[in-house]
Amino acid sequence: MQSRWDDSSLQALISSCAEQGVNEDLAIRTYTTRLLGQEPRLVLHGGGNTSVKTRMPDALGCEHDVLCVKGSGWDMGTIMPAGLPAVELAPLAGLARVSTLSDADLVATQRRLLLDPYAPDPSIEAVLHATIPHKHVDHTHSNAIVSLTNQPNGEDIVRDLFPDTTIIPYVMPGFMLAQMVCKQLEESPGAKHLILMCHGVFTFHDDPRQSYEDMIRMCAAAEKRLDAGAARPFLPARLPAEAPEASEIAPLIRGALARPGDVEGRPDRWILDFRSSDQIRAFVDGAHVGDYATRGNASPDHSIRIKRFGLVAPAPESGKLDAFAEGLSVGVRNYCNAYDAYFERNNARSGGGLTQLDPVPRIVYVPGVGLFGVGKSAREASVCADIAEATVDVISGAEGIGTFVALPEEDLFDIEYWSLEQAKLAKSVERPLNRQIAIVTGGASGLGLEIARLLRSEGAEVAIFDIHAERVHQAASEIGAMEVVCDVTVPRAVEDAVRKVVCRHGGVDVLISNAGGAFRGSLDCVDDALFRRAFELNFWSHHLMARECVRIMEAQGTGGAIVFNVSKQALNPGPGFGPYGTSKAALMALVRQYAIEHGASGITANAVNADRIRTMLLTDELVAERAAARGVTHEEYMRGNLLKREVTAGDVAEAFLHLAKATKTTGAILTVDGGNVAAMVR
Ligand SMILES: [Zn+2]
């Protein structure tokens, strides 16, 4: 690990901060916090914190001695000055001398001491930062340092490597840790830095560069110490000769992890994030992975994200995936039962009254393949996968020089069930399509984009399929979706594209099969090639997409929803639209066939019949042409229905959304056309 200090970047940040009236100390602190936060081996996802002691005016212009300390909800790598709220220093430091203080009272008291009442909550470690007399304080959960402290003889190793360090035994972060550090600093006022057993490291100095580079130096020394250990500490297991691809087993993992939900037909599913590397493979392929991966996690704050430890799956063998699925579901059941017992034990120990969290593992280690992060959203799954990678790094380093030991389960439980975390539970509300993965074909524009946007806003992870590379890129970045360029009429392209979604998120739960085209021509003279193209796009592509998605849904075993875009032409054909109408009518039969064949697996197949909405197919020019042909105005043409209301893409998207969520409707056609007797389903 090396220093990333760069004077010119620092000066640039100081100047831009000065223009916004930000104090220079805070600008420097913002800079050094980002330097630490950009190194994943030091801090991950809200772990670690920093502070600077400075003077600032309040709203009335009175100057105060303050501690600007990392606020909760900010990521160190991208922090802004607003992410380091100012707290009155003297009363904050004084809190370390109070005999007891609950977490909730600590948070409330820290808020009362903020100069800006709208600022984020100061870090739970703010009191600790205030008790250290130096201007700059840096704190990280360095993987390498933790590999050294989490050993049976961790203290000896640390003392040997850093003779002048002050060692703090493990206590729960927050008020108790602040009290202990305060006491230690009174006993040894010349402390240069602190190493917290099973937690991390603090460096501090009046000079910001010195404090930052002390951190880098200590972590580099710890890394060097680990490098002297065994490079491959894990004895390899005897694994099947051929392992399947991650995309083949991901749907089985999603299936095994799913649990019954509140609504029948809508189980609590999970999104996955797959990772593999040489280091991960050496870890998961080890003969004793079931031991070292389940001793406990590397850093107590990880318990909030990944629980005490992950699940080790059986080793899958290519061509024998049924056996893998069976072994995995037994493994998940045992994991969940053990988790329930762990909760019961520790809830009783801490006086009862805690709300149990779900027992589902957040990491699945798969020998011969890699690891999967598990979350309620792609974001959560990726955070868990990042933490899993850090866990693998710490345990690999620790085993290389000795034996990895984790904190006792009581300590990990106390963090996982921290009162502040329990309070957050009450506030968290899930959206109806959270935990679901949806594909929208023809999703880069018009109705498809409208549907994709709606599914996303309801919480789904969305993959937009479209043939236009540039358009799909723009649409996907606009709504935060995955982009997949795909010609849905080509079987191989469809297979590859769906596999990409499975590789990224683990499976598929919803297919919106929307791509289509309004091919025209009278049957007596239409070109055969054009007629066939109509069937390729309006019939075959829907079958290809549905077939691929249904195979994955069947493997998951958690049902699913497919919604096709049939159009008015399927029910009420018009002259000159034979290629369009006949291909869409065939699609309507396809909808029913999928409903019949997969209903028993809880997979719904429905369709939306929409008419006369402004899209890429029905342009303003075409509307003008048709209105003129009927002798009505543009407006009258668009409102030419029983309700005399124009139907928008948004109205039709709502119908798709409804059918994507419906768990008790299949084989149905939902009409959204303002009312048209000829197109009514009969
Ligand atoms: Zn910490």
# chains A, B, ... in the order shown; residues from 1 in each chain; ligands from 1

call {"tool": "residues_near_ligand", "arguments": {"ligand": "ligand 1", "cutoff": "9 Å", "atoms": "only C-alpha atoms and all ligand atoms", "output": "JSON list (two decimals) with N, CA and C atoms, in the first residue's frame"}}
result
[["chain", "number", "residue", "atom", "x", "y", "z"],
["A", 47, "GLY", "N", -17.63, 1.85, 6.67],
["A", 47, "GLY", "CA", -16.68, 1.52, 7.74],
["A", 47, "GLY", "C", -15.62, 2.61, 7.81],
["A", 48, "GLY", "N", -15.01, 2.79, 8.99],
["A", 48, "GLY", "CA", -13.95, 3.79, 9.13],
["A", 48, "GLY", "C", -14.51, 5.19, 9.27],
["A", 49, "ASN", "N", -13.72, 6.09, 9.83],
["A", 49, "ASN", "CA", -14.14, 7.49, 9.96],
["A", 49, "ASN", "C", -12.93, 8.38, 10.24],
["A", 125, "GLU", "N", -18.51, 7.15, 16.53],
["A", 125, "GLU", "CA", -17.17, 7.25, 17.13],
["A", 125, "GLU", "C", -16.75, 8.70, 17.39],
["A", 139, "HIS", "N", -9.21, 6.85, 11.04],
["A", 139, "HIS", "CA", -9.54, 5.51, 11.53],
["A", 139, "HIS", "C", -9.99, 4.62, 10.38],
["A", 140, "THR", "N", -9.35, 3.45, 10.26],
["A", 140, "THR", "CA", -9.75, 2.49, 9.22],
["A", 140, "THR", "C", -9.85, 1.08, 9.81],
["A", 141, "HIS", "N", -10.46, 0.20, 9.02],
["A", 141, "HIS", "CA", -10.56, -1.22, 9.39],
["A", 141, "HIS", "C", -9.66, -2.03, 8.46],
["A", 173, "PRO", "N", -17.91, -0.88, 19.71],
["A", 173, "PRO", "CA", -17.71, 0.49, 19.24],
["A", 173, "PRO", "C", -18.80, 1.41, 19.80],
["A", 174, "GLY", "N", -18.50, 2.70, 19.84],
["A", 174, "GLY", "CA", -19.48, 3.65, 20.37],
["A", 174, "GLY", "C", -19.01, 4.15, 21.73],
["A", 196, "LEU", "N", -6.75, -1.36, 17.62],
["A", 196, "LEU", "CA", -7.91, -1.91, 18.31],
["A", 196, "LEU", "C", -8.03, -3.37, 17.93],
["A", 199, "HIS", "N", -10.62, -5.08, 15.34],
["A", 199, "HIS", "CA", -11.42, -3.94, 14.87],
["A", 199, "HIS", "C", -10.66, -3.11, 13.84],
["A", 200, "GLY", "N", -9.52, -2.50, 14.20],
["A", 200, "GLY", "CA", -8.84, -1.64, 13.22],
["A", 200, "GLY", "C", -7.76, -0.79, 13.85],
["A", 201, "VAL", "N", -7.54, 0.39, 13.28],
["A", 201, "VAL", "CA", -6.40, 1.19, 13.69],
["A", 201, "VAL", "C", -6.75, 2.68, 13.64],
["A", 202, "PHE", "N", -6.20, 3.44, 14.60],
["A", 202, "PHE", "CA", -6.33, 4.90, 14.62],
["A", 202, "PHE", "C", -4.94, 5.51, 14.50],
["A", 299, "SER", "N", -14.60, -8.33, 10.79],
["A", 299, "SER", "CA", -14.72, -7.04, 11.47],
["A", 299, "SER", "C", -16.12, -6.96, 12.03],
["A", 300, "PRO", "N", -16.28, -6.53, 13.30],
["A", 300, "PRO", "CA", -17.61, -6.59, 13.91],
["A", 300, "PRO", "C", -18.66, -5.82, 13.10],
["A", 301, "ASP", "N", -18.26, -4.67, 12.49],
["A", 301, "ASP", "CA", -19.28, -3.89, 11.78],
["A", 301, "ASP", "C", -19.79, -4.62, 10.53]]

call {"tool": "closest_atom_pairs", "arguments": {"of": "range 409-492 of chain A", "to": "range 605-623 of chain A", "cutoff": "9 Å", "atoms": "only C-alpha atoms", "output": "JSON lines"}}
result
{"residue": "A:Ser445", "atom": "CA", "partner": "A:Met616", "partner_atom": "CA", "distance": 7.9}
{"residue": "A:Gly446", "atom": "CA", "partner": "A:Thr615", "partner_atom": "CA", "distance": 5.2}
{"residue": "A:Leu447", "atom": "CA", "partner": "A:Thr615", "partner_atom": "CA", "distance": 6.7}

call {"tool": "closest_residue", "arguments": {"among": "A:Pro208, A:Gly71, A:Gly507, A:Pro152", "to": "His134 in chain A", "atoms": "only C-alpha atoms"}}
result
A:Pro208

call {"tool": "select_by_dssp", "arguments": {"residues": "range 413-548 of chain A", "states": "alpha helix (DSSP H)", "output": "JSON, numbers by chain"}}
result
{"A": [413, 414, 415, 416, 419, 420, 421, 422, 423, 424, 425, 426, 427, 446, 447, 448, 449, 450, 451, 452, 453, 454, 455, 456, 457, 469, 470, 471, 472, 473, 474, 475, 476, 477, 478, 479, 491, 492, 493, 494, 495, 496, 497, 498, 499, 500, 501, 502, 503, 504, 505, 528, 529, 530, 531, 532, 533, 534, 535, 541, 542, 543, 544, 545, 546, 547, 548]}

call {"tool": "residues_around", "arguments": {"residues": "Val332 in chain A", "least_positions_apart": "6", "cutoff": "8 Å", "atoms": "only C-alpha atoms", "output": "list in words"}}
result
Ala256, Leu257, Leu311, Val360 and Pro361 of chain A

call {"tool": "write_last_selection", "arguments": {"atoms": "C-alpha atoms", "output": "PDB file, in the first residue's frame"}}
result
ATOM      1  CA  ALA A 256     -32.867 -22.270  -2.364  1.00  0.00           C
ATOM      2  CA  LEU A 257     -32.662 -18.906  -0.576  1.00  0.00           C
ATOM      3  CA  LEU A 311     -23.041 -20.355   3.888  1.00  0.00           C
ATOM      4  CA  VAL A 360     -30.945 -15.951   5.172  1.00  0.00           C
ATOM      5  CA  PRO A 361     -27.151 -15.945   4.561  1.00  0.00           C
TER       6      PRO A 361
END

call {"tool": "residues_around", "arguments": {"residues": "Ile253 in chain A", "least_positions_apart": "4", "cutoff": "8 Å", "atoms": "only C-alpha atoms", "output": "PyMOL selection string"}}
result
chain A and resi 249+257+325+328+556

call {"tool": "select_by_dssp", "arguments": {"residues": "range 254-390 of chain A", "states": "strand (DSSP E)", "output": "list in words"}}
result
Arg259, Pro260, Gly261, Asp262, Val263, Arg266, Pro267, Asp268, Ile271, Leu272, Asp273, Phe274, Arg275, Leu311, Val312, Ile363, Val364, Tyr365, Val366, Gly370, Leu371, Phe372, Gly373, Val374 and Gly375 of chain A

call {"tool": "residues_around", "arguments": {"residues": "range 430-434 of chain A", "least_positions_apart": "4", "cutoff": "10 Å", "atoms": "only C-alpha atoms", "output": "PyMOL selection string"}}
result
chain A and resi 266+268-271+376-378+438+455-461+509-510+657+660-661

call {"tool": "closest_residue", "arguments": {"among": "A:Thr54, A:Ser247, A:Asn572, A:Thr665", "to": "Val66 in chain A", "atoms": "only C-alpha atoms"}}
result
A:Thr54

call {"tool": "residues_around", "arguments": {"residues": "range 346-353 of chain A", "least_positions_apart": "2", "cutoff": "12 Å", "atoms": "only C-alpha atoms", "output": "number ranges by chain"}}
result
A: 339-344, 355-357, 408-419, 422

call {"tool": "write_last_selection", "arguments": {"atoms": "N, CA and C atoms", "output": "short mmCIF file (atom, residue, chain, number, x, y, z; two decimals), in the first residue's frame"}}
result
data_model
loop_
_atom_site.label_atom_id
_atom_site.label_comp_id
_atom_site.auth_asym_id
_atom_site.auth_seq_id
_atom_site.Cartn_x
_atom_site.Cartn_y
_atom_site.Cartn_z
N TYR A 339 -29.36 -20.17 12.64
CA TYR A 339 -29.48 -18.72 12.87
C TYR A 339 -30.60 -18.45 13.88
N ASP A 340 -31.73 -19.17 13.72
CA ASP A 340 -32.84 -18.98 14.67
C ASP A 340 -32.37 -19.27 16.10
N ALA A 341 -31.60 -20.36 16.23
CA ALA A 341 -31.13 -20.76 17.56
C ALA A 341 -30.14 -19.71 18.10
N TYR A 342 -29.30 -19.19 17.24
CA TYR A 342 -28.33 -18.14 17.62
C TYR A 342 -29.08 -16.92 18.13
N PHE A 343 -30.17 -16.58 17.43
CA PHE A 343 -30.95 -15.42 17.87
C PHE A 343 -31.58 -15.68 19.23
N GLU A 344 -32.23 -16.83 19.36
CA GLU A 344 -32.89 -17.17 20.63
C GLU A 344 -31.91 -17.06 21.80
N THR A 355 -36.05 -7.62 17.83
CA THR A 355 -36.79 -8.09 16.65
C THR A 355 -35.86 -8.94 15.81
N GLN A 356 -36.27 -10.20 15.56
CA GLN A 356 -35.37 -11.08 14.79
C GLN A 356 -35.31 -10.65 13.33
N LEU A 357 -34.11 -10.66 12.78
CA LEU A 357 -33.90 -10.40 11.35
C LEU A 357 -34.11 -11.70 10.59
N PRO A 408 -16.03 -13.64 19.63
CA PRO A 408 -17.08 -14.57 20.08
C PRO A 408 -18.44 -14.14 19.54
N GLU A 409 -19.36 -15.11 19.44
CA GLU A 409 -20.65 -14.79 18.81
C GLU A 409 -21.41 -13.70 19.56
N GLU A 410 -21.21 -13.59 20.87
CA GLU A 410 -21.92 -12.56 21.63
C GLU A 410 -21.58 -11.16 21.11
N ASP A 411 -20.28 -10.94 20.86
CA ASP A 411 -19.86 -9.61 20.39
C ASP A 411 -20.41 -9.32 19.00
N LEU A 412 -20.37 -10.35 18.13
CA LEU A 412 -20.88 -10.14 16.77
C LEU A 412 -22.39 -9.92 16.80
N PHE A 413 -23.08 -10.66 17.68
CA PHE A 413 -24.53 -10.49 17.82
C PHE A 413 -24.86 -9.07 18.28
N ASP A 414 -24.09 -8.59 19.26
CA ASP A 414 -24.40 -7.26 19.81
C ASP A 414 -24.31 -6.18 18.74
N ILE A 415 -23.41 -6.37 17.75
CA ILE A 415 -23.33 -5.39 16.66
C ILE A 415 -24.48 -5.61 15.67
N GLU A 416 -24.72 -6.90 15.33
CA GLU A 416 -25.79 -7.18 14.36
C GLU A 416 -27.13 -6.66 14.89
N TYR A 417 -27.34 -6.76 16.21
CA TYR A 417 -28.61 -6.33 16.81
C TYR A 417 -28.47 -5.04 17.61
N TRP A 418 -27.54 -4.20 17.18
CA TRP A 418 -27.32 -2.89 17.79
C TRP A 418 -28.64 -2.13 17.81
N SER A 419 -28.93 -1.44 18.90
CA SER A 419 -30.22 -0.75 19.02
C SER A 419 -30.42 0.25 17.88
N GLN A 422 -31.57 -1.68 14.94
CA GLN A 422 -32.95 -2.13 15.14
C GLN A 422 -33.93 -0.99 14.87
#

call {"tool": "residues_around", "arguments": {"residues": "Met215 in chain A", "least_positions_apart": "2", "cutoff": "8 Å", "atoms": "only C-alpha atoms", "output": "ChimeraX atom specification"}}
result
/A:138,201-203,211-213,217-219

call {"tool": "decode", "arguments": {"residues": "range 24-123 of chain A", "atoms": "C-alpha atoms", "output": "PDB file, in the first residue's frame"}}
result
ATOM      1  CA  GLU A  24      -9.342  25.234   4.838  1.00  0.00           C
ATOM      2  CA  ASP A  25      -9.026  22.650   7.640  1.00  0.00           C
ATOM      3  CA  LEU A  26     -12.267  21.050   6.488  1.00  0.00           C
ATOM      4  CA  ALA A  27     -11.138  21.118   2.851  1.00  0.00           C
ATOM      5  CA  ILE A  28      -7.927  19.277   3.786  1.00  0.00           C
ATOM      6  CA  ARG A  29      -9.897  16.796   5.884  1.00  0.00           C
ATOM      7  CA  THR A  30     -12.219  16.160   2.940  1.00  0.00           C
ATOM      8  CA  TYR A  31      -9.185  15.469   0.761  1.00  0.00           C
ATOM      9  CA  THR A  32      -7.468  13.021   3.142  1.00  0.00           C
ATOM     10  CA  THR A  33     -10.764  11.272   3.930  1.00  0.00           C
ATOM     11  CA  ARG A  34     -11.232  10.586   0.229  1.00  0.00           C
ATOM     12  CA  LEU A  35      -7.668   9.243  -0.025  1.00  0.00           C
ATOM     13  CA  LEU A  36      -8.443   6.667   2.668  1.00  0.00           C
ATOM     14  CA  GLY A  37     -11.901   5.906   1.315  1.00  0.00           C
ATOM     15  CA  GLN A  38     -10.635   5.156  -2.176  1.00  0.00           C
ATOM     16  CA  GLU A  39      -8.641   2.194  -0.873  1.00  0.00           C
ATOM     17  CA  PRO A  40     -11.004  -0.795  -0.378  1.00  0.00           C
ATOM     18  CA  ARG A  41      -8.387  -2.634   1.688  1.00  0.00           C
ATOM     19  CA  LEU A  42      -8.762   0.141   4.296  1.00  0.00           C
ATOM     20  CA  VAL A  43     -12.481   0.894   4.464  1.00  0.00           C
ATOM     21  CA  LEU A  44     -15.644  -0.451   2.881  1.00  0.00           C
ATOM     22  CA  HIS A  45     -19.178   0.883   2.725  1.00  0.00           C
ATOM     23  CA  GLY A  46     -19.428   3.201   5.690  1.00  0.00           C
ATOM     24  CA  GLY A  47     -16.679   1.521   7.743  1.00  0.00           C
ATOM     25  CA  GLY A  48     -13.949   3.790   9.125  1.00  0.00           C
ATOM     26  CA  ASN A  49     -14.137   7.491   9.962  1.00  0.00           C
ATOM     27  CA  THR A  50     -12.038  10.659  10.206  1.00  0.00           C
ATOM     28  CA  SER A  51     -12.140  14.041  11.913  1.00  0.00           C
ATOM     29  CA  VAL A  52     -10.450  17.428  12.229  1.00  0.00           C
ATOM     30  CA  LYS A  53     -10.523  19.906  15.098  1.00  0.00           C
ATOM     31  CA  THR A  54     -11.034  23.469  13.934  1.00  0.00           C
ATOM     32  CA  ARG A  55     -12.991  26.689  14.584  1.00  0.00           C
ATOM     33  CA  MET A  56     -16.234  27.596  12.850  1.00  0.00           C
ATOM     34  CA  PRO A  57     -19.005  30.153  13.188  1.00  0.00           C
ATOM     35  CA  ASP A  58     -22.595  29.123  13.968  1.00  0.00           C
ATOM     36  CA  ALA A  59     -25.664  30.649  12.284  1.00  0.00           C
ATOM     37  CA  LEU A  60     -25.370  33.765  14.494  1.00  0.00           C
ATOM     38  CA  GLY A  61     -21.710  34.265  13.588  1.00  0.00           C
ATOM     39  CA  CYS A  62     -20.296  33.145  16.977  1.00  0.00           C
ATOM     40  CA  GLU A  63     -17.040  31.160  16.596  1.00  0.00           C
ATOM     41  CA  HIS A  64     -16.822  27.725  18.250  1.00  0.00           C
ATOM     42  CA  ASP A  65     -14.113  25.105  18.732  1.00  0.00           C
ATOM     43  CA  VAL A  66     -15.556  22.168  16.820  1.00  0.00           C
ATOM     44  CA  LEU A  67     -14.852  18.630  15.713  1.00  0.00           C
ATOM     45  CA  CYS A  68     -15.747  18.042  12.056  1.00  0.00           C
ATOM     46  CA  VAL A  69     -16.338  14.296  12.005  1.00  0.00           C
ATOM     47  CA  LYS A  70     -17.611  11.893   9.380  1.00  0.00           C
ATOM     48  CA  GLY A  71     -21.394  11.891   9.262  1.00  0.00           C
ATOM     49  CA  SER A  72     -23.439   8.729   8.945  1.00  0.00           C
ATOM     50  CA  GLY A  73     -24.633   7.845   5.451  1.00  0.00           C
ATOM     51  CA  TRP A  74     -21.525   9.263   3.752  1.00  0.00           C
ATOM     52  CA  ASP A  75     -18.973   7.182   1.895  1.00  0.00           C
ATOM     53  CA  MET A  76     -15.386   8.192   2.652  1.00  0.00           C
ATOM     54  CA  GLY A  77     -14.231   7.718  -0.952  1.00  0.00           C
ATOM     55  CA  THR A  78     -16.600  10.371  -2.309  1.00  0.00           C
ATOM     56  CA  ILE A  79     -17.184  12.514   0.770  1.00  0.00           C
ATOM     57  CA  MET A  80     -17.988  16.250   0.488  1.00  0.00           C
ATOM     58  CA  PRO A  81     -17.416  18.859   3.221  1.00  0.00           C
ATOM     59  CA  ALA A  82     -21.123  18.530   4.138  1.00  0.00           C
ATOM     60  CA  GLY A  83     -20.371  14.889   5.045  1.00  0.00           C
ATOM     61  CA  LEU A  84     -18.173  16.035   7.940  1.00  0.00           C
ATOM     62  CA  PRO A  85     -20.625  17.883  10.231  1.00  0.00           C
ATOM     63  CA  ALA A  86     -19.264  20.235  12.926  1.00  0.00           C
ATOM     64  CA  VAL A  87     -19.938  19.322  16.579  1.00  0.00           C
ATOM     65  CA  GLU A  88     -19.014  21.473  19.578  1.00  0.00           C
ATOM     66  CA  LEU A  89     -15.737  20.004  20.755  1.00  0.00           C
ATOM     67  CA  ALA A  90     -15.511  20.531  24.519  1.00  0.00           C
ATOM     68  CA  PRO A  91     -18.946  19.155  25.490  1.00  0.00           C
ATOM     69  CA  LEU A  92     -18.483  16.276  23.029  1.00  0.00           C
ATOM     70  CA  ALA A  93     -15.148  15.283  24.607  1.00  0.00           C
ATOM     71  CA  GLY A  94     -16.766  15.629  28.029  1.00  0.00           C
ATOM     72  CA  LEU A  95     -19.220  12.844  27.193  1.00  0.00           C
ATOM     73  CA  ALA A  96     -16.403  10.282  27.548  1.00  0.00           C
ATOM     74  CA  ARG A  97     -16.445  11.013  31.288  1.00  0.00           C
ATOM     75  CA  VAL A  98     -20.167  10.387  31.765  1.00  0.00           C
ATOM     76  CA  SER A  99     -20.619   7.049  33.567  1.00  0.00           C
ATOM     77  CA  THR A 100     -23.256   5.538  31.237  1.00  0.00           C
ATOM     78  CA  LEU A 101     -24.992   6.618  28.076  1.00  0.00           C
ATOM     79  CA  SER A 102     -27.292   4.547  25.870  1.00  0.00           C
ATOM     80  CA  ASP A 103     -26.715   4.518  22.113  1.00  0.00           C
ATOM     81  CA  ALA A 104     -29.930   6.434  21.516  1.00  0.00           C
ATOM     82  CA  ASP A 105     -28.957   9.082  24.112  1.00  0.00           C
ATOM     83  CA  LEU A 106     -25.486   9.347  22.594  1.00  0.00           C
ATOM     84  CA  VAL A 107     -26.942   9.967  19.127  1.00  0.00           C
ATOM     85  CA  ALA A 108     -29.420  12.528  20.486  1.00  0.00           C
ATOM     86  CA  THR A 109     -26.746  14.346  22.517  1.00  0.00           C
ATOM     87  CA  GLN A 110     -24.376  14.464  19.558  1.00  0.00           C
ATOM     88  CA  ARG A 111     -27.176  15.951  17.456  1.00  0.00           C
ATOM     89  CA  ARG A 112     -27.798  18.635  20.071  1.00  0.00           C
ATOM     90  CA  LEU A 113     -24.136  19.672  19.790  1.00  0.00           C
ATOM     91  CA  LEU A 114     -24.227  20.114  15.983  1.00  0.00           C
ATOM     92  CA  LEU A 115     -23.638  23.668  14.744  1.00  0.00           C
ATOM     93  CA  ASP A 116     -26.026  22.994  11.856  1.00  0.00           C
ATOM     94  CA  PRO A 117     -29.222  21.294  13.020  1.00  0.00           C
ATOM     95  CA  TYR A 118     -29.834  19.950   9.483  1.00  0.00           C
ATOM     96  CA  ALA A 119     -26.469  18.136   9.297  1.00  0.00           C
ATOM     97  CA  PRO A 120     -26.290  14.313   9.205  1.00  0.00           C
ATOM     98  CA  ASP A 121     -25.785  12.340  12.450  1.00  0.00           C
ATOM     99  CA  PRO A 122     -22.130  12.506  13.494  1.00  0.00           C
ATOM    100  CA  SER A 123     -20.326   9.133  13.526  1.00  0.00           C
TER     101      SER A 123
END
